[in-house]
Structure formats: structure tokens, C-alpha cells
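Notes to accompany the following structure.
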Amino acid sequence: MDICFRLVSLILILCILVPTQEEAALVTNPAGFLNLARSPEVSDYMVRIRRRLHEYPELGFEEFETSKLIRAELDKMGIRYKYPLAVTGIVGYIGTGKPPFVALRADMDALAMEEDVEWEHKSKVPGKMHACGHDAHVAMLLGAAKMLQDRQDELQGTVVLVFQPAEEGGGGARMMAEEGALENVTAIFGAHVTTRYPIGFVASRAGPILAASGFFEAVISGKGGHAAIPQDVVDPIVAASSVIVSLQHLVSRETDPLDSQVISVAKFEGGGAFNVIPDSVTIGGTFRAFSTENLYRLRQRIEEVITSQASVQRCNASVSFDDKPFYPVTENDRNLHKYFLNVAEEMLGATKVLEMKPSMGSEDFSFYSELIPGYFYFVGMKDEAVGISEMGHSPNYRVNEDSLSYGAALQASLATSIIPQLHPHEDDAMERVPHDEL
């Protein structure tokens, strides 16, 4: 009788603990992933990671401690990875080690600016701050990895985790791709938190979503002297001022008003005294367009205008475009857009999935989407009730940590849902996909 009782008890316990197929589906469907990402186990984990990263920001290609933390977390989860790629980058692998390979990307670098937000986890590194949400992106991808690794036996392919350095102007994505981060990858997804949209909303579009961009710097040289006798000097400040005004005419008078382009001079350095005209002035900025052809046309005209206008003012000018790589247009694959809409609407509801207008901002995710089908989307986090509305690259920028669950759930759900649709035939497998790291 005692043995029968124990058998019945054991069967009842197994029935309670082992999920049915329907129950398992509730976890791995989009809404199920969101519920899981909101659970204390996952959400508290992401908040803890994000705050740690926020306290110790690192600039592009200097993310050594950030990379060390990520590798430690991957080790704890039992996730295999390659390191280093692009100096500090990491590529992790979850699943079968066989096709299809679907990648999820997070950028790791911070910005060279001082944080003005006073809170417990304020940046502890002078002059450096996570002011664009990359700390949140890493936390979301680790959160997604945590959920996926716990369900790796259900994957019918491989999820590739791309932790990338130097998005902020350094072109880390290009170096990651050159060093094999996308080897055998069929599609890649990237997410970015933003206060442009409310918490609980996401936004994206098919086709071009972010502009191509480049950087320029010019040194305009004259002859310095006393401010009281300008006739004896060659004033580079006047020449630089003329250059800046003339550069704006390239957009207002040489560009089709229906073809978006932008030139912004954001750097002006010259002189150190009120009554001394300096020998030289340095200016710098960015230029942006929605085609490679227009971007290179702007490059040519920027150089012509700077040198010509400096000459008019009796100055010499040298122009450089070489310090940072040009970013291509970020373009979302149209088939992946349809797929994203299905997943996001199932998770959040159709009213919370927004069609965004193209933006003149740029992203080095574009280096990935130039090579393979890619999809980039924005995760809303604006909540004026708690004072979160400041845009990125501001010293007052704050992350709404409630957004971490949405980003992690979307990344995990996008990968797990698309893998079965991309699955190759049985005769098209590992022979052509060598993966030594697995």
C-alpha cells in the first residue's frame, strides 16, 4: 500500500512539474517570452547587469572590463563563445551548432561625456557615460541569452550573440564582420532603446531607416596677432565662420528638398584669449544622406567649399575624412519587417507597434545589413510620469529599466520564431558549416 501511494504521489508531482506541449508553447511564444522577461529572475538580473555597466563606462575599443563581465556571465550560463573579435568583441552560440544561424546584436561602448544625473549608480569614471543606452542593450541581450539557454534543447538551429565594440563612430560592426562574426549567419536583429516612443511600444519600418554618415575635420590656418590691429593679421576665425555658413548652402541650394541630407558643424576650436586672434582654427562635424552616392557627393563638395572659402579669406585649409569610417545606410529587409510585425504584434498588440519615419541618425548595424538580411528596431522607454524623456547623447539621459524586459523578450522571440522558418533540408547541413568553436 505504501509503495502504491508513493508511485501515485510521484506521478502527480511529475504531472505538475513537467509542462505539456501547450504549456511549453506559452513560454516560447512572444507573449510567453515577455512574461518570462518580466519575472524577477530575469528582470532583476538585467537591471543588476545594466547598473554595473553604467557605473563603469568604457569608450570604443576600450571595453575590456565590459567584455570581461559579459564573458563571465556567458561562462555562468554555459554558453560557448569566441573572443576576441575587433579587440573586445564577443560572439556566443546557443543551440545545436547547426544551421540556420540567426544573430542578435548588442553594442557595448559609452560616450566621452560627463553624467549630470545624480543617482546611486552614476558613472564612476570621469568624462565617460553610457548616454545612448548601450548598457541597456548588453543587459537585454544577456537577458535574452539567459532565457534562450534555458530552452536550448527546443532550438532547431543556432542563435548567435554578437557583443560589439565601438558603435559610436568607431565602426566596430565593420571590424566584427571582417573578423567572422557573421560566419554562416542567415539574418541578424538589432534593438535600440529610445525615449522617442512610450514604454511598451516599439517602432521600425521596412527599407531605409537610418541615414549614411561621415565625419570631417578641417584646420583653417591664417596669421595670428593682436585683436586691435586686424589689418596686420589673416583671421582664421572669420574664414571659419564663412565656411560654416557656406556649408549650409550645400543642403539648402544644391540638394533636392525631397532628398534628405544634413551637414552639421559641431566642433569649433580656436583661440585662448579675448584679445588675440589665433593662427588657426579647427572645425569638425558630420554629414548625412540616404544614399551612398549622395554621401560621397557631399564629401566632395564639403572639401571644395572649405578650401575655397578659406582661400577667399586669405587662409589655407586642410580637410580630413579619415579618422572614422563612413557608415552606410541602415536598411531593413522587407521580408524580415513582415516577420517582425507578426512577432511584435503578437507580443504587444497591434496598436503598440509603430511605423516610424526614416531618421537622419546613423548606426554601424548598417555594416551587417549590407552583408546579410538585417533588421533594426527601436524599443520605447519614454515615461514622463517618472521623468524619463531625455534623448540620447545628453548628460541628463536616463534609461527606463522597465524597457529591458521588452527588448530581451523581443530579441529572444524573434530568434526562436524565425529559426524554424529558415531551417535547411536534411541534406544541407554541417558539411558546409565548419564551426570549430562548437
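Chain labels run A, B, ... following the order of the C-alpha cells; each chain numbers its residues from 1, and ligands are numbered from 1 in the order shown.
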> Got a sec: who's within 12 Å of Glu41 in chain A, counting only C-alpha atoms, leaving out chain neighbours fewer than 5 positions off, as a ChimeraX atom specification?
Replying inline: /A:35-36,46-48,143,146-147,405
> Per DSSP on the backbone, what are the strand (DSSP E) residues of range 157-368 of chain A, as a PyMOL selection string?
Replying inline: chain A and resi 158-164+185-198+202-204+207-210+212-221+225-226+261-269+276-277+280-289+316-320+330-332+353-355
Just C-alpha atoms for this one: save the residues we selected as a compact mmCIF listing (two decimals), in the first residue's frame.
```txt
# COMPACT_ATOMS: atom_id res chain seq x y z
CA THR A 158 21.75 28.27 -33.53
CA VAL A 159 21.32 31.72 -32.01
CA VAL A 160 24.47 33.84 -32.39
CA LEU A 161 25.05 36.51 -29.73
CA VAL A 162 27.05 39.45 -31.09
CA PHE A 163 28.51 41.75 -28.41
CA GLN A 164 30.14 44.51 -30.42
CA VAL A 185 24.55 33.73 -40.27
CA THR A 186 21.32 33.95 -42.27
CA ALA A 187 19.76 37.02 -40.60
CA ILE A 188 20.59 39.49 -37.83
CA PHE A 189 18.43 41.61 -35.50
CA GLY A 190 19.42 44.71 -33.53
CA ALA A 191 17.49 46.80 -31.00
CA HIS A 192 17.93 50.30 -29.59
CA VAL A 193 16.16 51.84 -26.60
CA THR A 194 14.72 55.32 -27.14
CA THR A 195 12.67 57.98 -25.40
CA ARG A 196 11.12 58.91 -28.72
CA TYR A 197 8.37 56.35 -28.07
CA PRO A 198 6.47 55.44 -24.87
CA VAL A 202 8.21 49.52 -30.47
CA ALA A 203 8.86 51.22 -33.80
CA SER A 204 10.54 50.37 -37.08
CA GLY A 207 13.64 49.73 -46.22
CA PRO A 208 15.94 52.65 -45.30
CA ILE A 209 15.52 53.53 -41.64
CA LEU A 210 18.74 55.40 -40.73
CA ALA A 212 24.53 57.01 -44.08
CA SER A 213 27.00 59.31 -42.36
CA GLY A 214 30.57 60.54 -42.39
CA PHE A 215 32.79 62.77 -40.27
CA PHE A 216 35.04 65.60 -41.35
CA GLU A 217 37.59 67.83 -39.69
CA ALA A 218 39.30 70.91 -41.13
CA VAL A 219 42.19 73.06 -39.95
CA ILE A 220 41.96 76.62 -41.26
CA SER A 221 45.27 78.46 -40.95
CA GLY A 225 48.02 88.79 -33.91
CA HIS A 226 46.51 91.47 -31.72
CA GLN A 261 20.62 65.42 -46.37
CA VAL A 262 22.25 67.13 -43.38
CA ILE A 263 25.56 68.86 -42.68
CA SER A 264 26.23 69.83 -39.07
CA VAL A 265 29.33 71.58 -37.76
CA ALA A 266 29.53 70.61 -34.10
CA LYS A 267 33.16 71.40 -33.30
CA PHE A 268 34.84 74.83 -33.36
CA GLU A 269 38.19 75.27 -31.61
CA VAL A 276 44.40 87.62 -29.51
CA ILE A 277 43.46 86.39 -32.97
CA SER A 280 44.49 78.59 -36.79
CA VAL A 281 41.00 77.25 -36.14
CA THR A 282 39.80 73.65 -36.19
CA ILE A 283 36.22 72.80 -37.13
CA GLY A 284 34.55 69.44 -37.48
CA GLY A 285 31.18 67.80 -37.93
CA THR A 286 29.10 65.18 -39.69
CA PHE A 287 27.29 64.86 -42.99
CA ARG A 288 24.42 62.50 -43.72
CA ALA A 289 22.38 61.24 -46.66
CA ASN A 316 44.80 77.91 -46.10
CA ALA A 317 42.73 74.84 -45.20
CA SER A 318 43.36 71.11 -44.87
CA VAL A 319 40.38 68.74 -44.72
CA SER A 320 40.38 65.22 -43.30
CA THR A 330 20.79 51.19 -42.40
CA GLU A 331 18.20 49.34 -44.44
CA ASN A 332 15.71 46.84 -43.05
CA VAL A 353 3.80 48.56 -32.96
CA LEU A 354 4.50 51.84 -34.76
CA GLU A 355 5.66 52.67 -38.27
```
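When CA of Ala211 in chain A is paired with CA of Ser359 in chain A, their separation reads 6.5 Å.
Those residues of range 280-333 of chain A that DSSP, working from the backbone, places in alpha helix (DSSP H) are Thr292, Glu293, Asn294, Leu295, Tyr296, Arg297, Leu298, Arg299, Gln300, Arg301, Ile302, Glu303, Glu304, Val305, Ile306, Thr307, Ser308, Gln309, Ala310, Ser311 and Val312 of chain A.
The shell of residues at most 7 Å from Ile302 in chain A, with only C-alpha atoms counted and near chain neighbours (fewer than 4 positions) removed, consists of Leu247, Leu298 and Ile306 of chain A.
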> Of the residues A:Arg105, A:Glu384, A:Arg50, A:Asn400, which is the one nearest to Ala177 in chain A, using only C-alpha atoms?
Replying inline: A:Arg105
>> Residues near Ile90 in chain A, anyone? I mean within 10 Å using only C-alpha atoms, not counting same-chain ones fewer than 5 positions away, as a PyMOL selection string.
In response: chain A and resi 67-68+70-71+81-85+161-165+176+181
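Using only C-alpha atoms, the residues found no farther than 12 Å from His423 in chain A, other than those of its own chain fewer than 3 positions away, are A:Thr96, A:Lys98, A:Pro99, A:Pro100, A:Phe101, A:Val102, A:Leu155, A:Gln156, A:Gly157, A:Thr158, A:Thr186, A:Thr416, A:Ser417, A:Ile418, A:Ile419, A:Pro420, A:Glu426, A:Asp427, A:Asp428, A:Ala429.
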Output file for the residues above (all heavy atoms, as a CSV table (one decimal), in the first residue's frame):
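again32.csv was written with the following content:
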```
chain,number,residue,atom,x,y,z
A,96,THR,N,22.0,24.2,-31.4
A,96,THR,CA,22.5,23.0,-32.0
A,96,THR,C,23.9,23.1,-32.6
A,96,THR,O,24.6,22.0,-32.8
A,96,THR,CB,21.6,22.5,-33.1
A,96,THR,OG1,21.6,23.4,-34.2
A,96,THR,CG2,20.1,22.3,-32.6
A,98,LYS,N,24.2,24.0,-35.5
A,98,LYS,CA,23.9,23.7,-36.9
A,98,LYS,C,23.1,24.8,-37.5
A,98,LYS,O,22.5,25.6,-36.7
A,98,LYS,CB,23.2,22.3,-37.1
A,98,LYS,CG,24.1,21.2,-36.6
A,98,LYS,CD,23.3,19.9,-36.7
A,98,LYS,CE,24.1,18.7,-36.2
A,98,LYS,NZ,23.3,17.4,-36.4
A,99,PRO,N,22.9,24.9,-38.8
A,99,PRO,CA,22.0,25.9,-39.4
A,99,PRO,C,20.6,25.7,-39.0
A,99,PRO,O,20.2,24.5,-38.7
A,99,PRO,CB,22.2,25.7,-40.9
A,99,PRO,CG,23.5,24.9,-41.1
A,99,PRO,CD,23.6,24.1,-39.8
A,100,PRO,N,19.8,26.7,-39.1
A,100,PRO,CA,20.2,28.1,-39.5
A,100,PRO,C,20.8,28.8,-38.3
A,100,PRO,O,20.4,28.6,-37.2
A,100,PRO,CB,18.9,28.7,-39.9
A,100,PRO,CG,17.8,27.9,-39.2
A,100,PRO,CD,18.3,26.5,-39.0
A,101,PHE,N,21.7,29.8,-38.7
A,101,PHE,CA,22.3,30.7,-37.7
A,101,PHE,C,21.6,32.0,-37.7
A,101,PHE,O,21.6,32.6,-38.8
A,101,PHE,CB,23.8,30.8,-37.9
A,101,PHE,CG,24.6,29.6,-37.7
A,101,PHE,CD1,24.7,28.6,-38.7
A,101,PHE,CD2,25.2,29.3,-36.5
A,101,PHE,CE1,25.4,27.5,-38.5
A,101,PHE,CE2,25.9,28.2,-36.3
A,101,PHE,CZ,26.1,27.2,-37.3
A,102,VAL,N,21.0,32.5,-36.6
A,102,VAL,CA,20.4,33.8,-36.5
A,102,VAL,C,21.0,34.6,-35.5
A,102,VAL,O,21.2,34.1,-34.3
A,102,VAL,CB,18.8,33.6,-36.2
A,102,VAL,CG1,18.2,35.0,-36.0
A,102,VAL,CG2,18.1,32.9,-37.4
A,155,LEU,N,15.6,24.6,-29.4
A,155,LEU,CA,16.0,25.3,-30.6
A,155,LEU,C,16.3,24.4,-31.8
A,155,LEU,O,17.0,23.3,-31.5
A,155,LEU,CB,17.3,26.2,-30.3
A,155,LEU,CG,17.1,27.4,-29.4
A,155,LEU,CD1,18.4,28.0,-29.1
A,155,LEU,CD2,16.2,28.4,-30.0
A,156,GLN,N,15.9,24.7,-33.0
A,156,GLN,CA,16.2,23.9,-34.1
A,156,GLN,C,17.3,24.5,-35.0
A,156,GLN,O,17.4,24.2,-36.2
A,156,GLN,CB,14.9,23.8,-35.0
A,156,GLN,CG,13.7,23.2,-34.2
A,156,GLN,CD,12.4,23.3,-35.0
A,156,GLN,OE1,12.4,23.1,-36.2
A,156,GLN,NE2,11.3,23.5,-34.3
A,157,GLY,N,18.1,25.2,-34.4
A,157,GLY,CA,19.3,25.9,-35.1
A,157,GLY,C,20.1,26.5,-34.0
A,157,GLY,O,20.2,26.1,-32.9
A,158,THR,N,20.8,27.6,-34.4
A,158,THR,CA,21.7,28.3,-33.5
A,158,THR,C,21.5,29.8,-33.5
A,158,THR,O,21.4,30.4,-34.5
A,158,THR,CB,23.2,28.0,-34.0
A,158,THR,OG1,23.4,26.6,-34.2
A,158,THR,CG2,24.2,28.6,-33.0
A,186,THR,N,22.3,33.7,-41.2
A,186,THR,CA,21.3,34.0,-42.3
A,186,THR,C,20.6,35.3,-42.1
A,186,THR,O,20.3,36.0,-43.1
A,186,THR,CB,20.2,32.8,-42.2
A,186,THR,OG1,20.9,31.6,-42.4
A,186,THR,CG2,19.2,33.0,-43.3
A,416,THR,N,13.9,32.7,-31.8
A,416,THR,CA,13.3,31.4,-31.8
A,416,THR,C,12.2,31.2,-32.8
A,416,THR,O,12.0,30.0,-33.2
A,416,THR,CB,12.8,31.1,-30.3
A,416,THR,OG1,11.8,32.1,-30.0
A,416,THR,CG2,13.9,31.1,-29.3
A,417,SER,N,11.5,32.2,-33.1
A,417,SER,CA,10.4,32.1,-34.0
A,417,SER,C,10.8,32.0,-35.5
A,417,SER,O,10.2,31.3,-36.3
A,417,SER,CB,9.4,33.3,-33.9
A,417,SER,OG,8.9,33.4,-32.6
A,418,ILE,N,11.9,32.6,-35.8
A,418,ILE,CA,12.3,32.6,-37.2
A,418,ILE,C,13.2,31.4,-37.6
A,418,ILE,O,13.2,31.0,-38.7
A,418,ILE,CB,13.1,33.9,-37.6
A,418,ILE,CG1,13.1,34.1,-39.1
A,418,ILE,CG2,14.5,33.9,-37.1
A,418,ILE,CD1,13.6,35.4,-39.6
A,419,ILE,N,13.8,30.8,-36.6
A,419,ILE,CA,14.7,29.7,-36.9
A,419,ILE,C,14.0,28.5,-37.6
A,419,ILE,O,14.5,28.0,-38.6
A,419,ILE,CB,15.4,29.2,-35.6
A,419,ILE,CG1,16.6,30.1,-35.3
A,419,ILE,CG2,15.9,27.7,-35.8
A,419,ILE,CD1,17.4,29.8,-34.1
A,420,PRO,N,12.8,28.1,-37.1
A,420,PRO,CA,12.1,27.0,-37.8
A,420,PRO,C,11.8,27.4,-39.3
A,420,PRO,O,11.7,26.5,-40.2
A,420,PRO,CB,10.8,26.8,-37.0
A,420,PRO,CG,11.2,27.3,-35.7
A,420,PRO,CD,12.1,28.5,-35.9
A,426,GLU,N,17.4,18.3,-44.7
A,426,GLU,CA,18.3,17.4,-44.0
A,426,GLU,C,19.6,17.2,-44.7
A,426,GLU,O,20.7,17.0,-44.1
A,426,GLU,CB,17.6,16.1,-43.8
A,426,GLU,CG,16.5,16.1,-42.8
A,426,GLU,CD,16.9,16.4,-41.4
A,426,GLU,OE1,18.0,16.0,-41.0
A,426,GLU,OE2,16.2,17.2,-40.7
A,427,ASP,N,19.6,17.3,-46.1
A,427,ASP,CA,20.9,17.0,-46.8
A,427,ASP,C,21.7,18.3,-47.0
A,427,ASP,O,22.7,18.3,-47.7
A,427,ASP,CB,20.5,16.5,-48.2
A,427,ASP,CG,19.6,17.4,-49.0
A,427,ASP,OD1,19.2,18.4,-48.5
A,427,ASP,OD2,19.4,17.1,-50.2
A,428,ASP,N,21.3,19.4,-46.3
A,428,ASP,CA,22.0,20.6,-46.5
A,428,ASP,C,22.5,21.1,-45.1
A,428,ASP,O,21.9,22.0,-44.5
A,428,ASP,CB,21.1,21.7,-47.1
A,428,ASP,CG,21.8,23.0,-47.3
A,428,ASP,OD1,23.0,23.1,-47.3
A,428,ASP,OD2,21.1,24.0,-47.3
A,429,ALA,N,23.5,20.4,-44.5
A,429,ALA,CA,23.8,20.7,-43.1
A,429,ALA,C,25.2,20.9,-42.8
A,429,ALA,O,25.9,21.7,-43.5
A,429,ALA,CB,23.2,19.5,-42.3
```
> Any idea what the distance is between CA of Phe61 in chain A and CA of Ala173 in chain A?
Replying inline: 11.3 Å
> When distances are computed from only C-alpha atoms, which of A:Gly89, A:His121, A:Val243, A:Ser43 shows the smallest separation from Glu304 in chain A?
Replying inline: A:Val243
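Among the candidates A:Arg151, A:Val343, A:Met108, A:Phe367, the residue lying nearest to Gln411 in chain A is A:Val343 (atoms considered: only C-alpha atoms).
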> Taking only C-alpha atoms into account, which of A:Asp279, A:Glu65, A:Glu167, A:Asp256 comes nearest Ala239 in chain A?
Replying inline: A:Asp279
> Could you name the residues that touch Asn342 in chain A at 12 Å or less, counting only C-alpha atoms, but leaving out those on the same chain fewer than 2 positions away, as number ranges by chain?
Replying inline: A: 29-31, 335-340, 344-350, 353, 410, 413-414, 417-418
>> If we count only C-alpha atoms and set the cut-off at 9 Å, which residues sit around Gln149 in chain A, ignoring sequence neighbours fewer than 2 positions away in its own chain? Please answer as a VMD selection string.
In response: chain A and resid 77 to 79 94 to 95 144 to 147 151 to 153
Output file for the selection above: all heavy atoms, as a PDB file, in the first residue's frame:
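Ended up saving to again-v9.pdb:
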```pdb
ATOM      1  N   MET A  77      26.380  30.768 -17.614  1.00  0.00           N
ATOM      2  CA  MET A  77      25.238  30.164 -18.310  1.00  0.00           C
ATOM      3  C   MET A  77      25.634  28.927 -19.103  1.00  0.00           C
ATOM      4  O   MET A  77      24.767  28.210 -19.615  1.00  0.00           O
ATOM      5  CB  MET A  77      24.619  31.180 -19.278  1.00  0.00           C
ATOM      6  CG  MET A  77      24.033  32.416 -18.631  1.00  0.00           C
ATOM      7  SD  MET A  77      23.339  33.511 -19.912  1.00  0.00           S
ATOM      8  CE  MET A  77      23.428  35.110 -19.096  1.00  0.00           C
ATOM      9  N   GLY A  78      26.934  28.691 -19.240  1.00  0.00           N
ATOM     10  CA  GLY A  78      27.384  27.556 -20.035  1.00  0.00           C
ATOM     11  C   GLY A  78      27.287  27.803 -21.526  1.00  0.00           C
ATOM     12  O   GLY A  78      27.119  26.862 -22.306  1.00  0.00           O
ATOM     13  N   ILE A  79      27.413  29.052 -21.929  1.00  0.00           N
ATOM     14  CA  ILE A  79      27.311  29.417 -23.347  1.00  0.00           C
ATOM     15  C   ILE A  79      28.705  29.519 -23.945  1.00  0.00           C
ATOM     16  O   ILE A  79      29.570  30.230 -23.426  1.00  0.00           O
ATOM     17  CB  ILE A  79      26.565  30.757 -23.512  1.00  0.00           C
ATOM     18  CG1 ILE A  79      25.113  30.605 -23.048  1.00  0.00           C
ATOM     19  CG2 ILE A  79      26.621  31.241 -24.959  1.00  0.00           C
ATOM     20  CD1 ILE A  79      24.327  31.905 -23.047  1.00  0.00           C
ATOM     21  N   ILE A  94      24.230  29.636 -28.963  1.00  0.00           N
ATOM     22  CA  ILE A  94      23.251  28.855 -28.212  1.00  0.00           C
ATOM     23  C   ILE A  94      22.499  27.964 -29.192  1.00  0.00           C
ATOM     24  O   ILE A  94      22.044  28.448 -30.235  1.00  0.00           O
ATOM     25  CB  ILE A  94      22.242  29.766 -27.480  1.00  0.00           C
ATOM     26  CG1 ILE A  94      22.958  30.737 -26.548  1.00  0.00           C
ATOM     27  CG2 ILE A  94      21.225  28.934 -26.704  1.00  0.00           C
ATOM     28  CD1 ILE A  94      22.035  31.759 -25.907  1.00  0.00           C
ATOM     29  N   GLY A  95      22.364  26.695 -28.876  1.00  0.00           N
ATOM     30  CA  GLY A  95      21.565  25.818 -29.729  1.00  0.00           C
ATOM     31  C   GLY A  95      22.336  24.630 -30.242  1.00  0.00           C
ATOM     32  O   GLY A  95      23.263  24.122 -29.594  1.00  0.00           O
ATOM     33  N   ALA A 144      18.136  37.939 -22.818  1.00  0.00           N
ATOM     34  CA  ALA A 144      17.646  37.043 -23.865  1.00  0.00           C
ATOM     35  C   ALA A 144      18.445  35.746 -23.876  1.00  0.00           C
ATOM     36  O   ALA A 144      17.880  34.648 -24.021  1.00  0.00           O
ATOM     37  CB  ALA A 144      17.734  37.736 -25.226  1.00  0.00           C
ATOM     38  N   ALA A 145      19.774  35.857 -23.706  1.00  0.00           N
ATOM     39  CA  ALA A 145      20.623  34.665 -23.687  1.00  0.00           C
ATOM     40  C   ALA A 145      20.243  33.744 -22.528  1.00  0.00           C
ATOM     41  O   ALA A 145      20.213  32.517 -22.687  1.00  0.00           O
ATOM     42  CB  ALA A 145      22.089  35.079 -23.571  1.00  0.00           C
ATOM     43  N   LYS A 146      19.946  34.326 -21.397  1.00  0.00           N
ATOM     44  CA  LYS A 146      19.555  33.538 -20.222  1.00  0.00           C
ATOM     45  C   LYS A 146      18.289  32.739 -20.508  1.00  0.00           C
ATOM     46  O   LYS A 146      18.200  31.548 -20.188  1.00  0.00           O
ATOM     47  CB  LYS A 146      19.346  34.482 -19.039  1.00  0.00           C
ATOM     48  CG  LYS A 146      19.163  33.808 -17.689  1.00  0.00           C
ATOM     49  CD  LYS A 146      19.042  34.867 -16.596  1.00  0.00           C
ATOM     50  CE  LYS A 146      18.969  34.250 -15.218  1.00  0.00           C
ATOM     51  NZ  LYS A 146      20.219  33.575 -14.822  1.00  0.00           N
ATOM     52  N   MET A 147      17.304  33.385 -21.120  1.00  0.00           N
ATOM     53  CA  MET A 147      16.056  32.688 -21.448  1.00  0.00           C
ATOM     54  C   MET A 147      16.268  31.628 -22.517  1.00  0.00           C
ATOM     55  O   MET A 147      15.708  30.522 -22.434  1.00  0.00           O
ATOM     56  CB  MET A 147      15.010  33.703 -21.902  1.00  0.00           C
ATOM     57  CG  MET A 147      14.568  34.670 -20.806  1.00  0.00           C
ATOM     58  SD  MET A 147      13.188  35.748 -21.307  1.00  0.00           S
ATOM     59  CE  MET A 147      14.006  36.856 -22.458  1.00  0.00           C
ATOM     60  N   ARG A 151      16.320  27.101 -22.677  1.00  0.00           N
ATOM     61  CA  ARG A 151      15.456  26.386 -23.624  1.00  0.00           C
ATOM     62  C   ARG A 151      16.220  25.949 -24.862  1.00  0.00           C
ATOM     63  O   ARG A 151      15.652  25.797 -25.939  1.00  0.00           O
ATOM     64  CB  ARG A 151      14.278  27.298 -24.025  1.00  0.00           C
ATOM     65  CG  ARG A 151      13.280  27.456 -22.900  1.00  0.00           C
ATOM     66  CD  ARG A 151      12.561  28.787 -22.928  1.00  0.00           C
ATOM     67  NE  ARG A 151      11.786  28.912 -21.699  1.00  0.00           N
ATOM     68  CZ  ARG A 151      12.299  29.315 -20.536  1.00  0.00           C
ATOM     69  NH1 ARG A 151      13.565  29.669 -20.460  1.00  0.00           N
ATOM     70  NH2 ARG A 151      11.541  29.380 -19.451  1.00  0.00           N
ATOM     71  N   GLN A 152      17.518  25.755 -24.726  1.00  0.00           N
ATOM     72  CA  GLN A 152      18.342  25.456 -25.890  1.00  0.00           C
ATOM     73  C   GLN A 152      17.949  24.144 -26.554  1.00  0.00           C
ATOM     74  O   GLN A 152      18.113  23.996 -27.772  1.00  0.00           O
ATOM     75  CB  GLN A 152      19.812  25.420 -25.488  1.00  0.00           C
ATOM     76  CG  GLN A 152      20.171  24.365 -24.459  1.00  0.00           C
ATOM     77  CD  GLN A 152      21.669  24.304 -24.223  1.00  0.00           C
ATOM     78  OE1 GLN A 152      22.445  24.341 -25.177  1.00  0.00           O
ATOM     79  NE2 GLN A 152      22.078  24.220 -22.964  1.00  0.00           N
ATOM     80  N   ASP A 153      17.401  23.203 -25.778  1.00  0.00           N
ATOM     81  CA  ASP A 153      17.005  21.923 -26.366  1.00  0.00           C
ATOM     82  C   ASP A 153      15.838  22.070 -27.328  1.00  0.00           C
ATOM     83  O   ASP A 153      15.603  21.195 -28.162  1.00  0.00           O
ATOM     84  CB  ASP A 153      16.651  20.925 -25.257  1.00  0.00           C
ATOM     85  CG  ASP A 153      17.859  20.535 -24.418  1.00  0.00           C
ATOM     86  OD1 ASP A 153      18.990  20.717 -24.906  1.00  0.00           O
ATOM     87  OD2 ASP A 153      17.669  20.076 -23.279  1.00  0.00           O
TER      88      ASP A 153
END
```
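Nearest to Val305 in chain A of all the residues A:Val245, A:Val87, A:Gly133, A:Arg174 is A:Val245, counting only C-alpha atoms.
CA of Ala131 in chain A to CA of Arg205 in chain A spans 24.5 Å [interatomic distance, one decimal].
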>> Ranking A:Tyr406, A:Tyr368, A:Tyr397, A:Phe326 by minimum distance to Lys122 in chain A and counting only C-alpha atoms, which one comes first?
In response: A:Tyr397
